[in-house]
$ cat my_file-v1.cif   # mmCIF, C-alpha atoms and all ligand atoms
data_work
loop_
_atom_site.label_atom_id
_atom_site.label_comp_id
_atom_site.auth_asym_id
_atom_site.auth_seq_id
_atom_site.Cartn_x
_atom_site.Cartn_y
_atom_site.Cartn_z
CA MET A 15 -95.03 84.97 -66.80
CA PRO A 16 -94.92 81.93 -64.46
CA PRO A 17 -93.53 78.66 -65.83
CA ALA A 18 -96.17 76.38 -67.39
CA VAL A 19 -95.35 73.69 -64.83
CA SER A 20 -93.43 74.06 -61.60
CA LEU A 21 -92.62 71.46 -58.94
CA GLN A 22 -90.80 72.39 -55.75
CA ASN A 23 -89.56 69.65 -53.42
CA VAL A 24 -92.50 67.39 -54.19
CA HIS A 25 -92.94 64.13 -52.29
CA LYS A 26 -95.58 61.42 -52.54
CA ASN A 27 -95.78 58.53 -50.14
CA TYR A 28 -98.04 55.50 -50.36
CA ASN A 29 -98.36 53.71 -47.00
CA LYS A 30 -95.33 55.69 -45.79
CA VAL A 31 -93.26 54.39 -48.70
CA PRO A 32 -91.81 57.24 -50.81
CA VAL A 33 -92.82 56.85 -54.45
CA VAL A 34 -91.82 60.38 -55.47
CA ASN A 35 -88.94 61.75 -53.48
CA ASP A 36 -88.06 65.48 -53.47
CA LEU A 37 -88.83 66.25 -57.10
CA SER A 38 -88.11 69.78 -58.35
CA PHE A 39 -88.16 71.05 -61.92
CA SER A 40 -90.08 73.43 -64.13
CA ILE A 41 -91.30 73.48 -67.71
CA GLN A 42 -91.49 76.67 -69.76
CA SER A 43 -94.40 77.58 -71.97
CA GLY A 44 -94.17 75.89 -75.38
CA GLU A 45 -91.65 73.29 -74.24
CA MET A 46 -91.87 69.59 -75.06
CA PHE A 47 -90.65 67.87 -71.91
CA GLY A 48 -90.07 64.14 -71.58
CA LEU A 49 -90.05 62.31 -68.27
CA LEU A 50 -88.14 59.10 -68.80
CA GLY A 51 -87.62 56.20 -66.45
CA PRO A 52 -88.08 52.48 -65.91
CA ASN A 53 -91.39 51.01 -64.73
CA GLY A 54 -92.03 51.92 -61.12
CA ALA A 55 -89.86 55.08 -61.24
CA GLY A 56 -92.79 57.30 -60.23
CA LYS A 57 -93.64 58.87 -63.59
CA SER A 58 -97.39 58.14 -63.53
CA THR A 59 -97.66 59.25 -59.93
CA THR A 60 -95.99 62.53 -60.92
CA ILE A 61 -98.44 63.05 -63.78
CA ARG A 62 -101.34 62.22 -61.47
CA MET A 63 -100.19 64.91 -59.03
CA LEU A 64 -99.68 67.47 -61.83
CA THR A 65 -103.18 66.83 -63.12
CA THR A 66 -104.92 67.02 -59.69
CA LEU A 67 -105.81 63.31 -59.63
CA THR A 68 -103.82 62.78 -56.46
CA GLN A 69 -102.32 65.25 -53.98
CA PRO A 70 -98.64 65.54 -53.11
CA SER A 71 -97.76 64.45 -49.56
CA GLN A 72 -95.39 67.43 -49.37
CA GLY A 73 -94.11 70.23 -51.60
CA LYS A 74 -95.67 72.67 -54.05
CA ILE A 75 -96.94 72.20 -57.60
CA GLU A 76 -98.16 75.04 -59.81
CA ILE A 77 -99.67 74.82 -63.28
CA GLU A 78 -99.78 78.14 -65.16
CA GLY A 79 -99.31 79.75 -61.75
CA TYR A 80 -102.26 77.90 -60.15
CA ASP A 81 -101.72 75.67 -57.13
CA VAL A 82 -102.87 72.08 -57.80
CA VAL A 83 -104.15 71.61 -54.24
CA ARG A 84 -105.79 75.00 -53.64
CA GLN A 85 -106.96 75.83 -57.20
CA PRO A 86 -107.69 72.47 -58.86
CA LEU A 87 -110.51 73.87 -61.02
CA ALA A 88 -108.31 76.55 -62.58
CA VAL A 89 -105.63 73.90 -63.13
CA LYS A 90 -108.13 71.58 -64.87
CA GLN A 91 -109.22 74.36 -67.22
CA ASN A 92 -105.63 74.79 -68.35
CA ILE A 93 -104.71 71.16 -68.94
CA GLY A 94 -105.58 68.27 -71.22
CA VAL A 95 -104.80 64.76 -70.03
CA VAL A 96 -104.21 61.53 -71.94
CA LEU A 97 -103.73 58.71 -69.47
CA GLN A 98 -102.23 55.28 -70.02
CA GLN A 99 -105.38 53.27 -69.59
CA THR A 100 -108.01 54.13 -72.18
CA SER A 101 -110.34 56.45 -70.33
CA VAL A 102 -112.88 56.86 -73.12
CA ASP A 103 -116.26 55.14 -72.72
CA ILE A 104 -116.22 52.12 -75.02
CA ASP A 105 -120.02 51.74 -74.99
CA LEU A 106 -120.52 55.23 -76.44
CA THR A 107 -119.79 56.38 -79.97
CA VAL A 108 -116.84 58.56 -80.88
CA TRP A 109 -119.10 61.60 -81.16
CA GLU A 110 -120.89 60.86 -77.86
CA ASN A 111 -117.56 60.68 -76.03
CA MET A 112 -116.59 64.08 -77.39
CA GLU A 113 -120.06 65.49 -76.66
CA LEU A 114 -119.91 64.30 -73.05
CA HIS A 115 -116.52 65.88 -72.48
CA GLY A 116 -117.67 69.13 -74.10
CA ARG A 117 -120.71 69.29 -71.82
CA LEU A 118 -118.62 68.54 -68.74
CA HIS A 119 -116.51 71.54 -69.64
CA HIS A 120 -119.63 73.69 -70.23
CA ILE A 121 -118.85 74.40 -73.87
CA SER A 122 -122.15 75.38 -75.42
CA ASN A 123 -123.40 74.95 -78.99
CA PRO A 124 -122.74 75.86 -81.76
CA GLU A 125 -119.16 76.19 -80.46
CA ARG A 126 -119.17 72.64 -79.04
CA LYS A 127 -120.23 71.06 -82.30
CA GLN A 128 -117.74 73.10 -84.28
CA ARG A 129 -114.84 72.16 -82.00
CA ILE A 130 -115.77 68.46 -81.96
CA ASN A 131 -115.78 68.48 -85.76
CA GLN A 132 -112.48 70.35 -85.84
CA TRP A 133 -110.61 67.96 -83.51
CA LEU A 134 -112.10 64.76 -84.94
CA ASP A 135 -110.99 65.99 -88.31
CA TYR A 136 -107.52 66.78 -86.94
CA VAL A 137 -106.99 63.24 -85.62
CA GLU A 138 -108.65 61.75 -88.73
CA LEU A 139 -111.62 60.18 -86.98
CA SER A 140 -114.42 62.11 -88.69
CA GLU A 141 -115.51 59.09 -90.68
CA ARG A 142 -115.78 57.02 -87.50
CA ARG A 143 -117.83 59.59 -85.59
CA ASP A 144 -120.82 57.25 -85.26
CA SER A 145 -118.81 54.11 -84.45
CA LEU A 146 -118.93 52.63 -80.98
CA VAL A 147 -115.52 53.12 -79.36
CA LYS A 148 -115.23 49.41 -78.64
CA THR A 149 -115.01 48.79 -82.39
CA LEU A 150 -111.96 51.09 -82.81
CA SER A 151 -108.33 49.95 -83.00
CA GLY A 152 -105.89 50.83 -80.19
CA GLY A 153 -104.38 53.66 -82.24
CA MET A 154 -107.81 55.13 -83.02
CA LYS A 155 -108.77 55.04 -79.34
CA ARG A 156 -105.56 56.88 -78.47
CA ARG A 157 -106.29 59.50 -81.15
CA LEU A 158 -109.80 59.92 -79.74
CA GLN A 159 -108.32 60.44 -76.27
CA ILE A 160 -106.07 63.16 -77.70
CA ALA A 161 -108.94 64.87 -79.56
CA ARG A 162 -111.04 64.81 -76.41
CA ALA A 163 -108.21 66.20 -74.27
CA LEU A 164 -107.94 69.17 -76.67
CA LEU A 165 -111.63 70.05 -76.80
CA HIS A 166 -111.59 72.64 -74.01
CA GLN A 167 -108.48 74.31 -75.54
CA PRO A 168 -105.93 73.58 -72.81
CA LYS A 169 -102.53 75.29 -72.68
CA ILE A 170 -100.70 72.17 -71.53
CA LEU A 171 -101.15 68.59 -72.64
CA PHE A 172 -100.06 65.72 -70.37
CA LEU A 173 -99.50 62.37 -72.03
CA ASP A 174 -98.76 59.32 -69.89
CA GLU A 175 -97.02 56.67 -72.02
CA PRO A 176 -98.89 57.83 -75.14
CA THR A 177 -97.70 55.06 -77.45
CA VAL A 178 -97.42 52.07 -75.13
CA GLY A 179 -98.79 48.91 -76.76
CA LEU A 180 -99.14 50.47 -80.23
CA ASP A 181 -97.57 49.09 -83.40
CA PRO A 182 -94.62 51.01 -84.94
CA GLN A 183 -96.66 52.66 -87.70
CA THR A 184 -99.36 53.83 -85.27
CA ARG A 185 -96.69 55.13 -82.88
CA ARG A 186 -95.29 57.27 -85.70
CA ARG A 187 -98.74 58.69 -86.41
CA ILE A 188 -99.21 59.63 -82.74
CA TRP A 189 -95.70 61.16 -82.70
CA GLU A 190 -96.59 63.35 -85.68
CA ILE A 191 -99.74 64.59 -83.93
CA ILE A 192 -97.80 65.33 -80.73
CA ARG A 193 -95.07 67.14 -82.62
CA ASP A 194 -97.53 69.17 -84.67
CA LEU A 195 -99.45 70.28 -81.57
CA ASN A 196 -96.20 71.37 -79.94
CA ARG A 197 -95.25 73.34 -83.06
CA GLN A 198 -98.60 75.12 -82.76
CA GLY A 199 -97.44 76.31 -79.32
CA MET A 200 -98.86 73.68 -76.95
CA THR A 201 -96.74 72.93 -73.88
CA MET A 202 -96.36 69.17 -73.51
CA LEU A 203 -95.22 66.79 -70.84
CA LEU A 204 -94.99 63.16 -71.78
CA THR A 205 -93.82 60.17 -69.80
CA THR A 206 -92.32 57.19 -71.50
CA HIS A 207 -89.90 54.36 -71.11
CA TYR A 208 -89.05 54.42 -74.81
CA MET A 209 -85.69 56.03 -75.60
CA ASP A 210 -86.51 56.64 -79.27
CA GLU A 211 -89.69 58.50 -78.31
CA VAL A 212 -87.74 60.93 -76.16
CA GLU A 213 -84.96 61.36 -78.71
CA TYR A 214 -87.45 62.05 -81.48
CA LEU A 215 -89.86 64.34 -79.64
CA CYS A 216 -88.46 66.08 -76.60
CA ASP A 217 -86.65 69.42 -76.20
CA ARG A 218 -85.67 68.61 -72.64
CA ILE A 219 -85.55 65.39 -70.67
CA GLY A 220 -85.83 64.48 -67.01
CA ILE A 221 -84.67 61.00 -66.04
CA MET A 222 -86.43 59.52 -63.01
CA ASP A 223 -85.35 56.48 -61.06
CA SER A 224 -86.77 55.25 -57.75
CA GLY A 225 -88.83 58.42 -57.29
CA LYS A 226 -85.92 60.81 -57.82
CA LEU A 227 -84.87 63.03 -60.69
CA ILE A 228 -81.37 61.84 -61.49
CA GLU A 229 -80.70 63.88 -64.63
CA LEU A 230 -82.21 66.96 -66.28
CA GLY A 231 -81.33 68.71 -69.53
CA THR A 232 -81.25 68.39 -73.31
CA LEU A 233 -79.90 65.27 -75.00
CA GLN A 234 -76.92 67.33 -76.16
CA GLU A 235 -76.24 68.45 -72.59
CA PHE A 236 -76.37 64.82 -71.43
CA LYS A 237 -73.86 63.87 -74.11
CA SER A 238 -71.55 66.76 -73.20
CA ARG A 239 -71.71 65.78 -69.54
CA HIS A 240 -71.15 62.05 -69.97
CA GLY A 241 -69.22 61.86 -73.24
CA GLU A 242 -70.04 61.81 -76.94
CA GLY A 243 -67.77 58.89 -77.81
CA LEU A 244 -68.04 55.35 -76.53
CA VAL A 245 -65.71 52.36 -76.61
CA MET A 246 -67.52 49.04 -76.26
CA LYS A 247 -65.72 45.91 -75.25
CA GLN A 248 -67.27 42.47 -75.30
CA VAL A 249 -66.47 40.52 -72.17
CA GLU A 250 -67.94 37.04 -72.55
CA GLU A 251 -71.74 37.51 -72.89
CA ARG A 252 -71.91 41.20 -72.09
CA PHE A 253 -70.47 44.58 -73.07
CA GLU A 254 -68.41 46.98 -71.02
CA TYR A 255 -68.62 50.68 -71.91
CA LYS A 256 -66.13 53.48 -71.52
CA PHE A 257 -67.14 57.10 -72.27
CA PHE A 258 -64.88 59.70 -73.91
CA PRO A 259 -65.51 63.43 -74.39
CA THR A 260 -65.52 63.08 -78.21
CA LEU A 261 -65.68 60.32 -80.80
CA ALA A 262 -62.11 61.26 -81.84
CA ASP A 263 -60.93 60.69 -78.24
CA ALA A 264 -62.60 57.27 -78.22
CA ASN A 265 -60.92 56.39 -81.54
CA ALA A 266 -57.54 57.60 -80.30
CA TYR A 267 -57.91 55.41 -77.20
CA LEU A 268 -58.72 52.36 -79.30
CA ASP A 269 -55.79 53.08 -81.65
CA SER A 270 -53.43 53.21 -78.69
CA LEU A 271 -54.32 49.67 -77.59
CA PRO A 272 -52.18 46.80 -78.85
CA ASP A 273 -55.08 44.31 -78.57
CA LYS A 274 -58.41 45.50 -79.99
CA THR A 275 -60.18 42.14 -79.87
CA GLY A 276 -63.94 42.45 -79.24
CA MET A 277 -63.80 46.26 -79.14
CA MET A 278 -65.58 48.93 -81.16
CA VAL A 279 -66.15 52.68 -81.13
CA ARG A 280 -69.45 54.49 -81.70
CA PRO A 281 -71.23 57.73 -80.74
CA SER A 282 -73.01 57.53 -77.37
CA ASN A 283 -76.81 57.64 -77.16
CA LEU A 284 -79.45 58.24 -74.52
CA GLU A 285 -79.70 54.57 -73.58
CA ASP A 286 -75.94 54.37 -72.91
CA ILE A 287 -76.22 57.38 -70.62
CA PHE A 288 -79.23 55.93 -68.82
CA VAL A 289 -77.46 52.62 -68.21
CA GLU A 290 -74.31 54.45 -67.09
CA MET A 291 -76.33 56.48 -64.57
CA THR A 292 -78.55 53.79 -63.14
CA GLY A 293 -76.66 50.61 -63.85
CA ARG A 294 -79.89 49.35 -65.32
CA GLN A 295 -81.24 48.57 -68.75
CA LEU A 296 -84.65 49.97 -69.69
CA ASP A 297 -87.15 47.41 -70.91
P1 LIG B 1 -94.10 54.55 -63.39
O1 LIG B 1 -95.19 55.35 -64.00
O2 LIG B 1 -92.76 55.23 -63.50
O3 LIG B 1 -94.04 53.14 -63.88
P2 LIG B 1 -95.68 54.67 -60.96
O4 LIG B 1 -95.81 56.10 -60.59
O5 LIG B 1 -96.83 54.02 -61.65
O6 LIG B 1 -94.34 54.48 -61.80
O7 LIG B 1 -95.38 53.81 -59.67
C1 LIG B 1 -94.32 54.11 -58.77
C2 LIG B 1 -94.44 53.21 -57.55
O8 LIG B 1 -95.57 53.60 -56.79
C3 LIG B 1 -94.61 51.74 -57.87
O9 LIG B 1 -93.83 51.00 -56.99
C4 LIG B 1 -96.09 51.52 -57.63
O10 LIG B 1 -96.32 50.20 -57.23
C5 LIG B 1 -96.40 52.51 -56.53
N1 LIG B 1 -97.79 52.99 -56.57
C6 LIG B 1 -98.36 53.69 -57.58
N2 LIG B 1 -99.64 54.00 -57.30
C7 LIG B 1 -99.90 53.47 -56.07
C8 LIG B 1 -101.06 53.46 -55.20
N3 LIG B 1 -102.21 54.04 -55.57
N4 LIG B 1 -100.93 52.83 -54.01
C9 LIG B 1 -99.78 52.26 -53.63
N5 LIG B 1 -98.65 52.23 -54.40
C10 LIG B 1 -98.71 52.83 -55.59
#

$ encode --input "my_file-v1.cif" --output "structure tokens"
Amino acid sequence: MPPAVSLQNVHKNYNKVPVVNDLSFSIQSGEMFGLLGPNGAGKSTTIRMLTTLTQPSQGKIEIEGYDVVRQPLAVKQNIGVVLQQTSVDIDLTVWENMELHGRLHHISNPERKQRINQWLDYVELSERRDSLVKTLSGGMKRRLQIARALLHQPKILFLDEPTVGLDPQTRRRIWEIIRDLNRQGMTMLLTTHYMDEVEYLCDRIGIMDSGKLIELGTLQEFKSRHGEGLVMKQVEERFEYKFFPTLADANAYLDSLPDKTGMMVRPSNLEDIFVEMTGRQLD
């Protein structure tokens, strides 16, 4: 079986400026993969190439074994897409948005009606089926986007910054939906610049910076590579960090110092590793 998603030496240039630079990785069927990186790293551009919205300048991308440039139709049948900007039509009702998408995918009745009911029920929007989308909250619109993306029964769901701009409670609700879909077997790729989102949801993480993949693996692998223990030292207004293989090693180091002023030990986390790798704080 081919990987669900495969990128080989993918480049994308805009006006000769590289935005995605030699990206290679693959995602296995059923995986929940998180692409993490600061704004401008190239995450959205990557998702746009994976979902046939823009073509790579160079390299090869396959979705379920189909080439995104040569077989875009087959790719589209296999994927659901939830983009950052709300792509639902705000002047139509919830039901009409679903209906339109169902027709575009040539799903005929009574199947279409049954599936629309099923997915609206799943994202808890059944009671708002006749509401105009412009009257929905941000979280409801996002849930509608997810329901719509699932209507043609894709194998892979792409989510570009699925919880950006949502309040904490609504984010949690979206997380639960994403997690539940993945448990039902859906392959997922999500982009985010939220550390907690990745830590909570993702099996495997790719960190992008300036168009390049600078780290790939599970959170546990990252910690093993960089260190599980951290000594923090306050130097005037900022902190300096020193990684140690284990928390015990970090404690032993601190114990060995005669002057422990402004220092503390704690387990490392994804943000520490990101800052260590890029020298930059995520916003
Ligand atoms: P991210 O999703 O990680 O924030 P993007 O993929 O949106 O990053 O953007 C990466 C870079 O590519 C940015 O510098 C952005 O300005 C540039 N870019 C994105 N889309 C276009 C485009 N259509 N034309 C020119 N530059 C673009």

$ closest_residue --input "my_file-v1.cif" --among "A:Leu171, A:Leu106, A:Ala55, A:Leu37" --to "ligand LIG 1 (chain B)" --atoms "only C-alpha atoms and all ligand atoms"
A:Ala55

$ residues_near_ligand --input "my_file-v1.cif" --ligand "ligand LIG 1 (chain B)" --cutoff "9 Å" --atoms "all atoms listed in the file" --output "PyMOL selection string"
chain A and resi 26-29+31-34+49-62+68+174-175+205-207+222-225

$ closest_residue --input "my_file-v1.cif" --among "A:Ile228, A:Ile121, A:Met278, A:Val249" --to "Leu261 in chain A" --atoms "all atoms listed in the file"
A:Met278

$ atom_distance --input "my_file-v1.cif" --atom1 "CA of Lys90 in chain A" --atom2 "CA of Lys169 in chain A"
10.3 Å

$ closest_residue --input "my_file-v1.cif" --among "A:Glu251, A:Glu290, A:Met46, A:Gly276" --to "Ile192 in chain A" --atoms "all atoms listed in the file"
A:Met46

$ closest_residue --input "my_file-v1.cif" --among "A:Gly48, A:Gly293, A:Phe253, A:Leu64" --to "Glu211 in chain A" --atoms "all atoms listed in the file"
A:Gly48

$ atom_distance --input "my_file-v1.cif" --atom1 "CA of Arg185 in chain A" --atom2 "CA of Glu235 in chain A"
26.5 Å

$ atom_distance --input "my_file-v1.cif" --atom1 "CA of Glu141 in chain A" --atom2 "CA of Thr107 in chain A"
11.8 Å

$ axis_aligned_box --input "my_file-v1.cif" --around "range 36-47 of chain A" --padding-each-side "3 Å" --output "lines of an AutoDock Vina configuration file"
center_x = -91.2
center_y = 71.5
center_z = -64.4
size_x = 12.3
size_y = 18.1
size_z = 27.9

$ decode --input "my_file-v1.cif" --residues "range 230-254 of chain A" --atoms "N, CA, C and O atoms" --output "PDB file, in the first residue's frame"
ATOM      1  N   LEU A 230      11.755  16.144  12.292  1.00  0.00           N
ATOM      2  CA  LEU A 230      10.664  15.228  11.968  1.00  0.00           C
ATOM      3  C   LEU A 230      10.689  14.063  12.940  1.00  0.00           C
ATOM      4  O   LEU A 230      11.736  13.453  13.146  1.00  0.00           O
ATOM      5  N   GLY A 231       9.565  13.770  13.569  1.00  0.00           N
ATOM      6  CA  GLY A 231       9.509  12.622  14.477  1.00  0.00           C
ATOM      7  C   GLY A 231       8.377  12.761  15.475  1.00  0.00           C
ATOM      8  O   GLY A 231       7.515  13.634  15.330  1.00  0.00           O
ATOM      9  N   THR A 232       8.377  11.888  16.495  1.00  0.00           N
ATOM     10  CA  THR A 232       7.381  12.013  17.563  1.00  0.00           C
ATOM     11  C   THR A 232       7.932  12.975  18.613  1.00  0.00           C
ATOM     12  O   THR A 232       9.149  13.237  18.642  1.00  0.00           O
ATOM     13  N   LEU A 233       7.053  13.455  19.465  1.00  0.00           N
ATOM     14  CA  LEU A 233       7.490  14.360  20.532  1.00  0.00           C
ATOM     15  C   LEU A 233       8.536  13.662  21.400  1.00  0.00           C
ATOM     16  O   LEU A 233       9.534  14.271  21.799  1.00  0.00           O
ATOM     17  N   GLN A 234       8.306  12.366  21.669  1.00  0.00           N
ATOM     18  CA  GLN A 234       9.256  11.617  22.494  1.00  0.00           C
ATOM     19  C   GLN A 234      10.618  11.519  21.811  1.00  0.00           C
ATOM     20  O   GLN A 234      11.653  11.669  22.456  1.00  0.00           O
ATOM     21  N   GLU A 235      10.598  11.339  20.495  1.00  0.00           N
ATOM     22  CA  GLU A 235      11.882  11.297  19.766  1.00  0.00           C
ATOM     23  C   GLU A 235      12.597  12.649  19.845  1.00  0.00           C
ATOM     24  O   GLU A 235      13.814  12.703  20.012  1.00  0.00           O
ATOM     25  N   PHE A 236      11.837  13.726  19.741  1.00  0.00           N
ATOM     26  CA  PHE A 236      12.438  15.067  19.851  1.00  0.00           C
ATOM     27  C   PHE A 236      13.116  15.214  21.209  1.00  0.00           C
ATOM     28  O   PHE A 236      14.232  15.713  21.327  1.00  0.00           O
ATOM     29  N   LYS A 237      12.390  14.767  22.253  1.00  0.00           N
ATOM     30  CA  LYS A 237      12.924  14.915  23.607  1.00  0.00           C
ATOM     31  C   LYS A 237      14.174  14.057  23.789  1.00  0.00           C
ATOM     32  O   LYS A 237      15.131  14.482  24.422  1.00  0.00           O
ATOM     33  N   SER A 238      14.163  12.848  23.220  1.00  0.00           N
ATOM     34  CA  SER A 238      15.346  11.985  23.335  1.00  0.00           C
ATOM     35  C   SER A 238      16.531  12.609  22.610  1.00  0.00           C
ATOM     36  O   SER A 238      17.660  12.544  23.080  1.00  0.00           O
ATOM     37  N   ARG A 239      16.254  13.233  21.463  1.00  0.00           N
ATOM     38  CA  ARG A 239      17.337  13.832  20.684  1.00  0.00           C
ATOM     39  C   ARG A 239      17.937  15.062  21.371  1.00  0.00           C
ATOM     40  O   ARG A 239      19.132  15.247  21.394  1.00  0.00           O
ATOM     41  N   HIS A 240      17.052  15.900  21.910  1.00  0.00           N
ATOM     42  CA  HIS A 240      17.526  17.199  22.413  1.00  0.00           C
ATOM     43  C   HIS A 240      17.760  17.205  23.915  1.00  0.00           C
ATOM     44  O   HIS A 240      18.534  18.011  24.419  1.00  0.00           O
ATOM     45  N   GLY A 241      17.052  16.328  24.637  1.00  0.00           N
ATOM     46  CA  GLY A 241      17.196  16.274  26.091  1.00  0.00           C
ATOM     47  C   GLY A 241      15.859  16.390  26.780  1.00  0.00           C
ATOM     48  O   GLY A 241      15.029  17.203  26.376  1.00  0.00           O
ATOM     49  N   GLU A 242      15.671  15.556  27.810  1.00  0.00           N
ATOM     50  CA  GLU A 242      14.386  15.573  28.534  1.00  0.00           C
ATOM     51  C   GLU A 242      14.403  16.526  29.715  1.00  0.00           C
ATOM     52  O   GLU A 242      13.366  16.885  30.241  1.00  0.00           O
ATOM     53  N   GLY A 243      15.611  16.885  30.161  1.00  0.00           N
ATOM     54  CA  GLY A 243      15.721  17.784  31.317  1.00  0.00           C
ATOM     55  C   GLY A 243      16.283  19.127  30.890  1.00  0.00           C
ATOM     56  O   GLY A 243      17.053  19.225  29.935  1.00  0.00           O
ATOM     57  N   LEU A 244      15.832  20.159  31.596  1.00  0.00           N
ATOM     58  CA  LEU A 244      16.227  21.518  31.213  1.00  0.00           C
ATOM     59  C   LEU A 244      16.614  22.302  32.461  1.00  0.00           C
ATOM     60  O   LEU A 244      15.934  22.234  33.486  1.00  0.00           O
ATOM     61  N   VAL A 245      17.725  23.024  32.369  1.00  0.00           N
ATOM     62  CA  VAL A 245      18.070  23.973  33.439  1.00  0.00           C
ATOM     63  C   VAL A 245      17.859  25.363  32.870  1.00  0.00           C
ATOM     64  O   VAL A 245      18.381  25.694  31.805  1.00  0.00           O
ATOM     65  N   MET A 246      17.039  26.151  33.557  1.00  0.00           N
ATOM     66  CA  MET A 246      16.776  27.532  33.130  1.00  0.00           C
ATOM     67  C   MET A 246      17.540  28.477  34.041  1.00  0.00           C
ATOM     68  O   MET A 246      17.565  28.274  35.251  1.00  0.00           O
ATOM     69  N   LYS A 247      18.112  29.484  33.442  1.00  0.00           N
ATOM     70  CA  LYS A 247      18.822  30.474  34.254  1.00  0.00           C
ATOM     71  C   LYS A 247      18.383  31.863  33.813  1.00  0.00           C
ATOM     72  O   LYS A 247      18.440  32.189  32.621  1.00  0.00           O
ATOM     73  N   GLN A 248      17.934  32.645  34.779  1.00  0.00           N
ATOM     74  CA  GLN A 248      17.510  34.002  34.436  1.00  0.00           C
ATOM     75  C   GLN A 248      18.724  34.914  34.362  1.00  0.00           C
ATOM     76  O   GLN A 248      19.504  35.019  35.313  1.00  0.00           O
ATOM     77  N   VAL A 249      18.894  35.523  33.193  1.00  0.00           N
ATOM     78  CA  VAL A 249      19.967  36.491  33.015  1.00  0.00           C
ATOM     79  C   VAL A 249      19.301  37.813  32.662  1.00  0.00           C
ATOM     80  O   VAL A 249      18.786  37.977  31.566  1.00  0.00           O
ATOM     81  N   GLU A 250      19.269  38.705  33.630  1.00  0.00           N
ATOM     82  CA  GLU A 250      18.532  39.972  33.509  1.00  0.00           C
ATOM     83  C   GLU A 250      17.083  39.693  33.102  1.00  0.00           C
ATOM     84  O   GLU A 250      16.400  38.964  33.786  1.00  0.00           O
ATOM     85  N   GLU A 251      16.653  40.195  31.907  1.00  0.00           N
ATOM     86  CA  GLU A 251      15.237  40.070  31.527  1.00  0.00           C
ATOM     87  C   GLU A 251      14.887  38.736  30.868  1.00  0.00           C
ATOM     88  O   GLU A 251      13.733  38.449  30.636  1.00  0.00           O
ATOM     89  N   ARG A 252      15.892  37.949  30.506  1.00  0.00           N
ATOM     90  CA  ARG A 252      15.580  36.757  29.731  1.00  0.00           C
ATOM     91  C   ARG A 252      16.134  35.485  30.383  1.00  0.00           C
ATOM     92  O   ARG A 252      16.870  35.558  31.356  1.00  0.00           O
ATOM     93  N   PHE A 253      15.742  34.338  29.774  1.00  0.00           N
ATOM     94  CA  PHE A 253      16.202  33.058  30.307  1.00  0.00           C
ATOM     95  C   PHE A 253      17.197  32.404  29.361  1.00  0.00           C
ATOM     96  O   PHE A 253      17.049  32.477  28.141  1.00  0.00           O
ATOM     97  N   GLU A 254      18.201  31.770  29.939  1.00  0.00           N
ATOM     98  CA  GLU A 254      19.084  30.906  29.150  1.00  0.00           C
ATOM     99  C   GLU A 254      18.724  29.467  29.469  1.00  0.00           C
ATOM    100  O   GLU A 254      18.367  29.152  30.606  1.00  0.00           O
TER     101      GLU A 254
END
